[in-house]
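J.: Following this line is target-v1.txt, made up of compact mmCIF, C-alpha atoms:
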# COMPACT_ATOMS: atom_id res chain seq x y z
CA MET K 1 25.93 36.14 -47.13
CA LYS K 2 28.86 34.04 -45.83
CA GLU K 3 27.38 30.81 -47.16
CA LEU K 4 26.71 32.38 -50.58
CA SER K 5 30.25 33.63 -50.79
CA LYS K 6 31.55 30.07 -50.23
CA GLN K 7 29.18 28.67 -52.84
CA LEU K 8 30.27 31.24 -55.41
CA ASP K 9 33.94 30.47 -54.71
CA PHE K 10 33.19 26.81 -55.43
CA ILE K 11 31.33 27.64 -58.67
CA ILE K 12 34.20 29.83 -59.88
CA GLU K 13 36.71 27.14 -58.89
CA LEU K 14 34.88 24.77 -61.26
CA ASP K 15 36.27 26.84 -64.15
CA GLN K 16 39.59 25.06 -63.60
CA LEU K 17 38.21 21.74 -64.81
CA LYS K 18 37.90 23.28 -68.29
CA GLY K 19 41.69 23.30 -68.41
CA ILE K 20 42.16 19.63 -67.46
CA TYR K 21 42.68 17.65 -70.65
CA ARG K 22 41.97 13.94 -71.14
CA GLN K 23 43.34 11.45 -73.66
CA THR K 24 40.12 11.37 -75.69
CA LEU K 25 40.08 13.51 -78.83
CA VAL K 26 37.22 15.77 -79.95
CA LYS K 27 36.83 14.87 -83.62
CA SER K 28 34.37 17.68 -84.27
CA ASP K 29 36.81 20.32 -82.98
CA LYS K 30 40.01 19.68 -84.96
CA ASN K 31 40.84 16.55 -82.96
CA ARG K 32 42.00 18.55 -79.95
CA PHE K 33 42.10 16.84 -76.54
CA GLU K 34 38.81 16.73 -74.65
CA ASN K 35 38.62 18.48 -71.28
CA SER K 36 37.04 16.99 -68.19
CA ALA K 37 34.31 19.66 -67.89
CA GLU K 38 32.79 19.03 -71.31
CA HIS K 39 33.23 15.28 -70.78
CA SER K 40 31.24 15.53 -67.52
CA TRP K 41 28.45 17.31 -69.38
CA GLN K 42 28.22 14.72 -72.13
CA ILE K 43 28.32 11.74 -69.80
CA SER K 44 25.56 13.09 -67.53
CA LEU K 45 23.30 13.55 -70.50
CA ALA K 46 24.30 10.18 -71.98
CA ALA K 47 23.32 8.51 -68.70
CA GLN K 48 19.89 10.12 -68.84
CA VAL K 49 19.35 9.07 -72.45
CA LEU K 50 20.45 5.47 -71.79
CA HIS K 51 19.08 4.80 -68.33
CA GLU K 52 16.19 2.67 -69.62
CA TYR K 53 18.78 -0.07 -70.30
CA ALA K 54 19.66 -0.45 -66.63
CA VAL K 55 18.11 -3.63 -65.24
CA GLU K 56 18.46 -2.55 -61.62
CA ASN K 57 16.56 0.30 -60.07
CA VAL K 58 18.63 3.35 -60.78
CA ASN K 59 17.91 6.84 -59.46
CA ILE K 60 18.89 8.74 -62.58
CA SER K 61 18.95 12.17 -60.91
CA ARG K 62 21.53 10.92 -58.41
CA VAL K 63 23.52 9.28 -61.21
CA MET K 64 23.55 12.55 -63.15
CA SER K 65 24.69 14.55 -60.12
CA MET K 66 27.39 11.98 -59.50
CA LEU K 67 28.62 12.26 -63.08
CA LEU K 68 28.61 16.05 -62.97
CA ILE K 69 31.03 15.99 -60.02
CA HIS K 70 32.96 12.76 -60.65
CA ASP K 71 36.01 14.44 -62.18
CA ILE K 72 36.20 17.62 -60.11
CA VAL K 73 39.09 16.18 -58.09
CA GLU K 74 41.17 16.33 -61.27
CA ILE K 75 41.46 20.09 -60.75
CA ASP K 76 44.19 19.25 -58.22
CA ALA K 77 45.06 15.67 -59.08
CA GLY K 78 45.08 15.89 -62.90
CA ASP K 79 43.62 13.33 -65.26
CA MET K 80 45.09 9.83 -65.24
CA PHE K 81 44.79 7.72 -68.39
CA ALA K 82 42.49 4.77 -67.67
CA PHE K 83 45.09 2.21 -68.73
CA SER K 84 47.98 3.51 -66.60
CA SER K 85 50.06 1.25 -64.29
CA ASP K 86 48.64 0.01 -60.97
CA GLU K 87 51.24 2.03 -59.01
CA ALA K 88 50.33 5.23 -60.81
CA LEU K 89 46.62 4.58 -60.24
CA ALA K 90 47.13 3.95 -56.48
CA GLU K 91 49.14 7.16 -56.07
CA GLN K 92 46.40 9.01 -57.95
CA GLU K 93 43.81 7.79 -55.44
CA ASP K 94 45.56 9.54 -52.53
CA LYS K 95 45.83 12.77 -54.50
CA GLU K 96 42.15 12.63 -55.36
CA VAL K 97 41.00 12.26 -51.74
CA ALA K 98 43.03 15.33 -50.78
CA ALA K 99 41.55 17.17 -53.77
CA ALA K 100 38.00 16.23 -52.75
CA ASN K 101 38.61 17.64 -49.28
CA ARG K 102 40.01 20.90 -50.62
CA ILE K 103 37.59 21.54 -53.49
CA PHE K 104 34.28 20.34 -52.02
CA GLY K 105 35.60 21.90 -48.80
CA LEU K 106 35.13 25.34 -50.36
CA LEU K 107 31.38 24.81 -49.87
CA PRO K 108 29.39 25.27 -46.65
CA LYS K 109 29.66 22.22 -44.37
CA GLN K 110 26.44 20.40 -45.31
CA GLN K 111 27.04 20.69 -49.05
CA PHE K 112 30.68 19.70 -48.57
CA GLN K 113 29.60 16.52 -46.82
CA ASN K 114 26.90 15.74 -49.40
CA TYR K 115 29.18 16.15 -52.41
CA LYS K 116 32.12 14.36 -50.84
CA GLN K 117 29.84 11.45 -49.95
CA LEU K 118 28.44 11.35 -53.48
CA TRP K 119 31.94 11.39 -54.95
CA LEU K 120 33.09 8.59 -52.62
CA GLU K 121 30.01 6.57 -53.57
CA PHE K 122 31.01 6.91 -57.23
CA GLU K 123 34.60 5.95 -56.51
CA ASN K 124 33.66 2.88 -54.45
CA ALA K 125 31.16 1.68 -57.07
CA GLU K 126 29.22 -0.41 -54.60
CA THR K 127 25.71 1.02 -54.98
CA GLN K 128 23.53 0.53 -58.06
CA ASP K 129 23.63 4.25 -58.84
CA ALA K 130 27.41 4.40 -58.65
CA ARG K 131 27.85 1.27 -60.76
CA PHE K 132 25.57 2.62 -63.46
CA ALA K 133 27.44 5.95 -63.37
CA LYS K 134 30.78 4.11 -63.73
CA ALA K 135 29.41 2.03 -66.59
CA MET K 136 28.36 5.19 -68.42
CA ASP K 137 31.69 6.90 -67.78
CA ARG K 138 33.43 3.93 -69.34
CA ILE K 139 31.29 3.28 -72.37
CA LEU K 140 31.49 6.86 -73.67
CA PRO K 141 35.21 6.80 -74.61
CA LEU K 142 34.45 3.52 -76.42
CA LEU K 143 31.78 5.27 -78.50
CA GLN K 144 34.12 8.21 -79.14
CA ASN K 145 37.06 6.02 -80.14
CA MET K 146 34.86 3.99 -82.49
CA LYS K 147 33.85 7.19 -84.28
CA ASN K 148 37.46 8.36 -84.45
CA GLU K 149 39.42 5.47 -86.04
CA GLY K 150 40.35 4.07 -82.65
CA GLY K 151 41.37 7.44 -81.12
CA SER K 152 43.23 7.07 -77.81
CA TRP K 153 43.34 3.25 -78.07
CA VAL K 154 45.57 3.41 -81.12
CA ARG K 155 47.89 6.05 -79.69
CA HIS K 156 48.36 4.07 -76.46
CA LYS K 157 48.40 0.57 -78.00
CA VAL K 158 45.49 -0.62 -75.83
CA LYS K 159 44.49 -4.31 -75.70
CA LYS K 160 41.01 -5.75 -76.24
CA SER K 161 41.16 -7.44 -72.82
CA GLN K 162 41.78 -4.08 -71.12
CA VAL K 163 38.70 -2.53 -72.70
CA ILE K 164 36.55 -5.56 -71.84
CA GLU K 165 37.74 -5.45 -68.21
CA ARG K 166 37.01 -1.72 -68.05
CA ASN K 167 33.47 -2.11 -69.36
CA LYS K 168 32.54 -5.12 -67.23
CA TYR K 169 30.07 -3.14 -65.09
CA LEU K 170 27.74 -3.17 -68.06
CA LYS K 171 27.45 -6.96 -68.09
CA GLY K 172 25.03 -7.47 -65.23
CA LEU K 173 23.72 -3.93 -65.12
CA ALA K 174 22.74 -3.18 -68.71
CA PRO K 175 23.00 -6.39 -70.77
CA LYS K 176 21.90 -4.79 -74.04
CA LEU K 177 24.64 -2.19 -73.75
CA TRP K 178 27.13 -4.93 -72.82
CA ILE K 179 26.30 -6.87 -75.99
CA TYR K 180 26.68 -3.70 -78.02
CA ALA K 181 30.02 -2.87 -76.37
CA CYS K 182 31.36 -6.39 -77.06
CA GLU K 183 30.38 -6.13 -80.72
CA GLN K 184 32.13 -2.80 -81.01
CA ILE K 185 35.25 -4.11 -79.30
CA ASP K 186 35.41 -7.00 -81.79
CA LEU K 187 34.95 -4.57 -84.64
CA ALA K 188 37.78 -2.41 -83.27
CA VAL K 189 40.10 -5.45 -83.30
CA THR K 190 39.14 -6.18 -86.93
CA GLN K 191 39.96 -2.58 -87.80
CA GLY K 192 43.33 -2.78 -86.07
CA TRP K 193 42.35 -0.17 -83.46
CA LEU K 194 42.74 -2.56 -80.48
CA ILE K 195 45.41 -5.21 -79.98
CA ASP K 196 43.88 -8.72 -80.03
CA ALA K 197 45.15 -9.82 -76.61
CA MET F 198 18.61 -2.38 -81.26
CA LYS F 199 17.08 0.30 -83.51
CA GLU F 200 16.25 2.58 -80.55
CA LEU F 201 19.73 2.17 -79.09
CA SER F 202 21.32 3.05 -82.38
CA LYS F 203 19.35 6.32 -82.48
CA GLN F 204 20.29 7.14 -78.90
CA LEU F 205 23.98 6.55 -79.57
CA ASP F 206 23.81 8.76 -82.67
CA PHE F 207 22.42 11.53 -80.48
CA ILE F 208 25.12 11.05 -77.83
CA ILE F 209 27.86 11.22 -80.46
CA GLU F 210 26.23 14.26 -82.05
CA LEU F 211 26.61 16.03 -78.68
CA ASP F 212 30.36 16.09 -79.33
CA GLN F 213 29.74 18.99 -81.72
CA LEU F 214 28.75 21.32 -78.87
CA LYS F 215 32.37 21.15 -77.67
CA GLY F 216 33.30 23.10 -80.79
CA ILE F 217 30.75 25.91 -80.30
CA TYR F 218 32.53 28.84 -78.69
CA ARG F 219 30.91 31.58 -76.60
CA GLN F 220 32.05 35.11 -75.80
CA THR F 221 32.99 34.24 -72.21
CA LEU F 222 36.68 33.62 -71.56
CA VAL F 223 38.15 30.79 -69.48
CA LYS F 224 40.65 32.56 -67.26
CA SER F 225 42.09 29.32 -65.91
CA ASP F 226 42.88 28.03 -69.41
CA LYS F 227 44.91 30.82 -71.01
CA ASN F 228 41.85 33.03 -71.47
CA ARG F 229 40.60 31.01 -74.44
CA PHE F 230 36.91 31.23 -75.37
CA GLU F 231 34.56 28.99 -73.42
CA ASN F 232 32.60 26.35 -75.33
CA SER F 233 28.91 25.66 -74.79
CA ALA F 234 29.42 22.07 -73.60
CA GLU F 235 31.61 22.98 -70.63
CA HIS F 236 29.37 25.98 -69.91
CA SER F 237 26.34 23.64 -69.75
CA TRP F 238 28.17 21.47 -67.24
CA GLN F 239 29.12 24.34 -64.98
CA ILE F 240 25.70 25.94 -65.01
CA SER F 241 23.87 22.68 -64.17
CA LEU F 242 26.09 22.21 -61.16
CA ALA F 243 25.82 25.90 -60.19
CA ALA F 244 22.03 25.58 -60.21
CA GLN F 245 22.24 22.62 -57.84
CA VAL F 246 24.59 24.44 -55.48
CA LEU F 247 22.45 27.59 -55.43
CA HIS F 248 18.92 26.23 -55.56
CA GLU F 249 18.29 26.90 -51.86
CA TYR F 250 18.04 30.61 -52.77
CA ALA F 251 14.97 30.09 -54.96
CA VAL F 252 11.88 31.33 -53.14
CA GLU F 253 9.47 29.43 -55.37
CA ASN F 254 9.19 25.67 -55.44
CA VAL F 255 11.80 24.56 -57.91
CA ASN F 256 12.31 20.97 -59.08
CA ILE F 257 16.08 21.03 -59.21
CA SER F 258 16.43 17.76 -61.17
CA ARG F 259 14.29 19.21 -63.96
CA VAL F 260 16.23 22.47 -63.86
CA MET F 261 19.51 20.58 -64.19
CA SER F 262 18.24 18.52 -67.13
CA MET F 263 17.02 21.72 -68.75
CA LEU F 264 20.41 23.36 -68.34
CA LEU F 265 22.23 20.31 -69.68
CA ILE F 266 20.27 20.56 -72.95
CA HIS F 267 19.59 24.32 -73.17
CA ASP F 268 22.39 25.07 -75.63
CA ILE F 269 22.32 21.94 -77.79
CA VAL F 270 20.53 23.83 -80.58
CA GLU F 271 23.71 25.89 -81.00
CA ILE F 272 25.24 22.88 -82.77
CA ASP F 273 23.32 24.03 -85.84
CA ALA F 274 22.42 27.62 -84.94
CA GLY F 275 25.72 28.77 -83.42
CA ASP F 276 26.06 30.86 -80.29
CA MET F 277 24.60 34.37 -80.31
CA PHE F 278 26.08 36.97 -77.96
CA ALA F 279 23.48 37.89 -75.34
CA PHE F 280 23.66 41.60 -76.16
CA SER F 281 23.16 41.30 -79.95
CA SER F 282 20.55 43.36 -81.88
CA ASP F 283 16.86 42.47 -81.70
CA GLU F 284 16.80 41.50 -85.41
CA ALA F 285 19.72 39.12 -84.99
CA LEU F 286 18.11 37.57 -81.91
CA ALA F 287 14.77 37.01 -83.75
CA GLU F 288 16.48 35.35 -86.69
CA GLN F 289 18.39 33.15 -84.26
CA GLU F 290 15.11 31.94 -82.76
CA ASP F 291 13.96 30.43 -86.08
CA LYS F 292 17.29 28.69 -86.57
CA GLU F 293 17.12 27.25 -83.07
CA VAL F 294 13.68 25.70 -83.55
CA ALA F 295 14.87 23.97 -86.72
CA ALA F 296 17.97 22.81 -84.83
CA ALA F 297 15.87 21.40 -81.99
CA ASN F 298 13.84 19.38 -84.47
CA ARG F 299 16.89 17.98 -86.19
CA ILE F 300 19.08 17.26 -83.16
CA PHE F 301 16.52 16.01 -80.61
CA GLY F 302 14.91 14.31 -83.64
CA LEU F 303 17.86 11.92 -83.75
CA LEU F 304 16.35 10.27 -80.65
CA PRO F 305 13.46 7.78 -80.52
CA LYS F 306 10.08 9.53 -80.69
CA GLN F 307 9.25 9.68 -76.98
CA GLN F 308 12.63 11.03 -75.98
CA PHE F 309 12.53 13.50 -78.87
CA GLN F 310 9.22 14.86 -77.60
CA ASN F 311 10.38 15.00 -73.98
CA TYR F 312 13.60 16.87 -74.74
CA LYS F 313 12.04 19.23 -77.25
CA GLN F 314 9.33 20.06 -74.71
CA LEU F 315 11.91 20.65 -72.01
CA TRP F 316 13.93 22.90 -74.31
CA LEU F 317 10.80 24.91 -75.29
CA GLU F 318 9.91 25.27 -71.62
CA PHE F 319 13.34 26.77 -70.99
CA GLU F 320 13.05 29.10 -73.97
CA ASN F 321 9.59 30.33 -73.00
CA ALA F 322 10.62 30.94 -69.37
CA GLU F 323 7.05 30.74 -68.08
CA THR F 324 7.34 27.96 -65.50
CA GLN F 325 9.20 28.30 -62.20
CA ASP F 326 11.74 25.69 -63.23
CA ALA F 327 12.47 27.43 -66.53
CA ARG F 328 12.77 30.83 -64.90
CA PHE F 329 15.19 29.55 -62.30
CA ALA F 330 17.20 27.84 -65.05
CA LYS F 331 17.31 31.10 -67.03
CA ALA F 332 18.33 33.06 -63.96
CA MET F 333 21.23 30.66 -63.39
CA ASP F 334 22.30 30.77 -67.03
CA ARG F 335 22.47 34.54 -66.78
CA ILE F 336 24.21 35.00 -63.46
CA LEU F 337 27.13 32.72 -64.33
CA PRO F 338 28.68 35.01 -67.00
CA LEU F 339 28.39 37.82 -64.44
CA LEU F 340 30.42 35.81 -61.95
CA GLN F 341 32.95 34.89 -64.63
CA ASN F 342 33.33 38.47 -65.88
CA MET F 343 33.76 39.76 -62.34
CA LYS F 344 36.66 37.33 -61.84
CA ASN F 345 38.19 38.30 -65.17
CA GLU F 346 38.50 42.12 -65.14
CA GLY F 347 35.15 42.53 -66.88
CA GLY F 348 35.80 39.86 -69.56
CA SER F 349 33.27 39.94 -72.41
CA TRP F 350 31.57 43.11 -71.04
CA VAL F 351 34.69 45.16 -71.64
CA ARG F 352 35.35 43.75 -75.11
CA HIS F 353 31.75 44.44 -76.20
CA LYS F 354 31.25 47.77 -74.36
CA VAL F 355 28.21 46.48 -72.47
CA LYS F 356 26.03 48.84 -70.42
CA LYS F 357 24.99 48.42 -66.78
CA SER F 358 21.29 48.64 -67.80
CA GLN F 359 21.72 45.70 -70.20
CA VAL F 360 23.14 43.46 -67.49
CA ILE F 361 20.41 44.49 -65.03
CA GLU F 362 17.73 43.73 -67.62
CA ARG F 363 19.31 40.36 -68.37
CA ASN F 364 19.44 39.33 -64.72
CA LYS F 365 15.93 40.49 -63.82
CA TYR F 366 14.62 36.92 -63.37
CA LEU F 367 16.55 36.81 -60.13
CA LYS F 368 14.60 39.67 -58.55
CA GLY F 369 11.42 37.86 -57.60
CA LEU F 370 12.83 34.37 -57.78
CA ALA F 371 15.99 34.53 -55.68
CA PRO F 372 16.16 37.90 -53.88
CA LYS F 373 19.44 37.21 -52.10
CA LEU F 374 21.11 36.45 -55.42
CA TRP F 375 19.50 39.55 -56.94
CA ILE F 376 20.99 41.76 -54.21
CA TYR F 377 24.37 40.13 -54.78
CA ALA F 378 24.13 40.63 -58.57
CA CYS F 379 23.22 44.32 -58.15
CA GLU F 380 26.19 44.88 -55.85
CA GLN F 381 28.50 43.22 -58.34
CA ILE F 382 27.10 45.28 -61.23
CA ASP F 383 27.75 48.50 -59.28
CA LEU F 384 31.25 47.33 -58.52
CA ALA F 385 31.82 46.59 -62.23
CA VAL F 386 30.82 50.17 -63.07
CA THR F 387 33.27 51.51 -60.47
CA GLN F 388 35.99 49.37 -62.02
CA GLY F 389 35.18 50.65 -65.50
CA TRP F 390 34.11 47.19 -66.71
CA LEU F 391 30.51 48.23 -67.47
CA ILE F 392 29.33 51.50 -69.01
CA ASP F 393 27.27 53.52 -66.51
CA ALA F 394 24.14 53.84 -68.66
Would you mind writing the structure in this file as structure tokens?
T.:
Amino acid sequence: MKELSKQLDFIIELDQLKGIYRQTLVKSDKNRFENSAEHSWQISLAAQVLHEYAVENVNISRVMSMLLIHDIVEIDAGDMFAFSSDEALAEQEDKEVAAANRIFGLLPKQQFQNYKQLWLEFENAETQDARFAKAMDRILPLLQNMKNEGGSWVRHKVKKSQVIERNKYLKGLAPKLWIYACEQIDLAVTQGWLIDA
Amino acid sequence: MKELSKQLDFIIELDQLKGIYRQTLVKSDKNRFENSAEHSWQISLAAQVLHEYAVENVNISRVMSMLLIHDIVEIDAGDMFAFSSDEALAEQEDKEVAAANRIFGLLPKQQFQNYKQLWLEFENAETQDARFAKAMDRILPLLQNMKNEGGSWVRHKVKKSQVIERNKYLKGLAPKLWIYACEQIDLAVTQGWLIDA
């Protein structure tokens, strides 16, 4: 039962992600901050619902697994706001690699290697699956902010150009979603939710 | 873009599940109640980690999809504590079917049918995939309560026989996990976290 004991330790460790809070607000729950566990749930399901828009061949089961684990490193490294400084983002990267080794390392060796590899694939965003996963992870806060009078964009004075840059994966990968995102970004500027720069 | 608009409405509607609270407590986040969105995330991942213990042929991608959507009906129907009365549980069933029609009904027709079918499969627990999904959904609160001095069992004065009955899917389906669950249930009785009846 040694393997099982490791797997159960990992599953219980996952509980910690429910206490890692992001900048996005949950409008339907008194505008509290969203945690990374519930975010991971929503984004995996969103990817499944939207995967018909991907022009490249995407293995949606792999994408969903990737999205379920993509934020687990935040248990140790914390969440970093997407529009933080370059220095802060670079420092975060080191913390996240150490976190991946510790947390996925709770699992038996083969599962550790599989999950760490899947997480690195997501981070590097070089495969089609990883790029589609990234695109999904980035369009969801846009949808949430649009339904919440600009949400985290307003509080952090985010610029239109930053949101366009962040959603660029959509352009070649899911053109219909890219067009939709651009329309929403323009609408957000009109509403005063994004700075026109 | 009519289909896309429906899909995005569904994805935004999912936000509501983050405000549906269960009886389980999140020890790592000040012992607040757990919501059904973060629970759905953890259980999907737990199923993936543990699926090697299933003796029957289980399609783990289907199981994970099933677990991601299994609680969505609670957006309208609310969460019902597992050990509620039979009358309350029967009434809940009607509410959940109506909820499935409304919420999955936000999606384009084909996706509506696919998700509703998948949800019904989970509810009916007749296929191997559905039974494994149910077994996972039921062992997780056991793990959480064992790490939290009995958690919701203690607060609701739950009996050993109720927890055994609830975890019975494991017996034929994943014998190693069944043995583990029985050991933990006995330990919970020794600790005074479950009533010995």
J.: May I ask you to extract the residues of chain F within 7 Å of chain K, using all atoms listed in the file, and to give them as a VMD selection string?
T.: chain F and resid 204 208 211 to 213 215 to 216 223 225 to 226 234 to 235 237 to 239 242 to 243 246 258 265
J.: Create the file for the chosen residues now, containing C-alpha atoms and written as a PDB file, keeping the file's coordinate frame.
T.:
ATOM      1  CA  GLN F 204      20.290   7.140 -78.900  1.00  0.00           C
ATOM      2  CA  ILE F 208      25.120  11.050 -77.830  1.00  0.00           C
ATOM      3  CA  LEU F 211      26.610  16.030 -78.680  1.00  0.00           C
ATOM      4  CA  ASP F 212      30.360  16.090 -79.330  1.00  0.00           C
ATOM      5  CA  GLN F 213      29.740  18.990 -81.720  1.00  0.00           C
ATOM      6  CA  LYS F 215      32.370  21.150 -77.670  1.00  0.00           C
ATOM      7  CA  GLY F 216      33.300  23.100 -80.790  1.00  0.00           C
ATOM      8  CA  VAL F 223      38.150  30.790 -69.480  1.00  0.00           C
ATOM      9  CA  SER F 225      42.090  29.320 -65.910  1.00  0.00           C
ATOM     10  CA  ASP F 226      42.880  28.030 -69.410  1.00  0.00           C
ATOM     11  CA  ALA F 234      29.420  22.070 -73.600  1.00  0.00           C
ATOM     12  CA  GLU F 235      31.610  22.980 -70.630  1.00  0.00           C
ATOM     13  CA  SER F 237      26.340  23.640 -69.750  1.00  0.00           C
ATOM     14  CA  TRP F 238      28.170  21.470 -67.240  1.00  0.00           C
ATOM     15  CA  GLN F 239      29.120  24.340 -64.980  1.00  0.00           C
ATOM     16  CA  LEU F 242      26.090  22.210 -61.160  1.00  0.00           C
ATOM     17  CA  ALA F 243      25.820  25.900 -60.190  1.00  0.00           C
ATOM     18  CA  VAL F 246      24.590  24.440 -55.480  1.00  0.00           C
ATOM     19  CA  SER F 258      16.430  17.760 -61.170  1.00  0.00           C
ATOM     20  CA  LEU F 265      22.230  20.310 -69.680  1.00  0.00           C
TER      21      LEU F 265
END
J.: In Å, with one decimal, what is the gap from atom CA of Val55 of chain K to atom CA of Leu173 of chain K?
T.: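 Computing the Euclidean distance for atom CA of Val55 of chain K and atom CA of Leu173 of chain K yields 5.6 Å.
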J.: Applying 8 Å and only C-alpha atoms, which residues near segment 80-87 of chain K remain after dropping the ones on its own chain fewer than 3 positions away? List them as JSON, numbers by chain.
T.: {"K": [22, 23, 90, 91, 92, 158, 162]}
J.: Set the distance at 10 Å and use all atoms listed in the file: which residues neighbour Arg328 of chain F once local chain neighbours fewer than 6 positions away are removed? I'd like the list as a ChimeraX atom specification.
T.: /F:255,260,318-322,334,366-367,370
J.: Quick one: everything within 9 Å of Met343 of chain F, counting only C-alpha atoms, minus sequence neighbours fewer than 5 positions away in the same chain. Send it as a list of chain:residue names.
T.: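 In the requested form, the answer reads F:Pro338, F:Gly348, F:Gln381, F:Ile382, F:Leu384, F:Ala385, F:Trp390.
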J.: So how many Å separate atom CA of Glu380 of chain F and atom CA of Thr221 of chain F, to one decimal?
T.: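 Computing it gives 20.7 Å between the two atoms.
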J.: Identify which of the residues F:Ala251, F:Phe230, F:Val386, F:Phe329 lies closest to Asp276 of chain F, counting only C-alpha atoms when measuring atom-to-atom distances.
T.: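 Smallest distance to Asp276 of chain F is found for F:Phe230.
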J.: Considering only C-alpha atoms, return as a list in words whatever protein or nucleic-acid residues lie within 10 Å of Phe112 of chain K, sequence-local ones (same chain, fewer than 4 positions apart) excluded.
T.: Ala100, Asn101, Arg102, Ile103, Phe104, Gly105, Leu106, Leu107, Pro108, Lys116, Gln117 and Leu118 of chain K
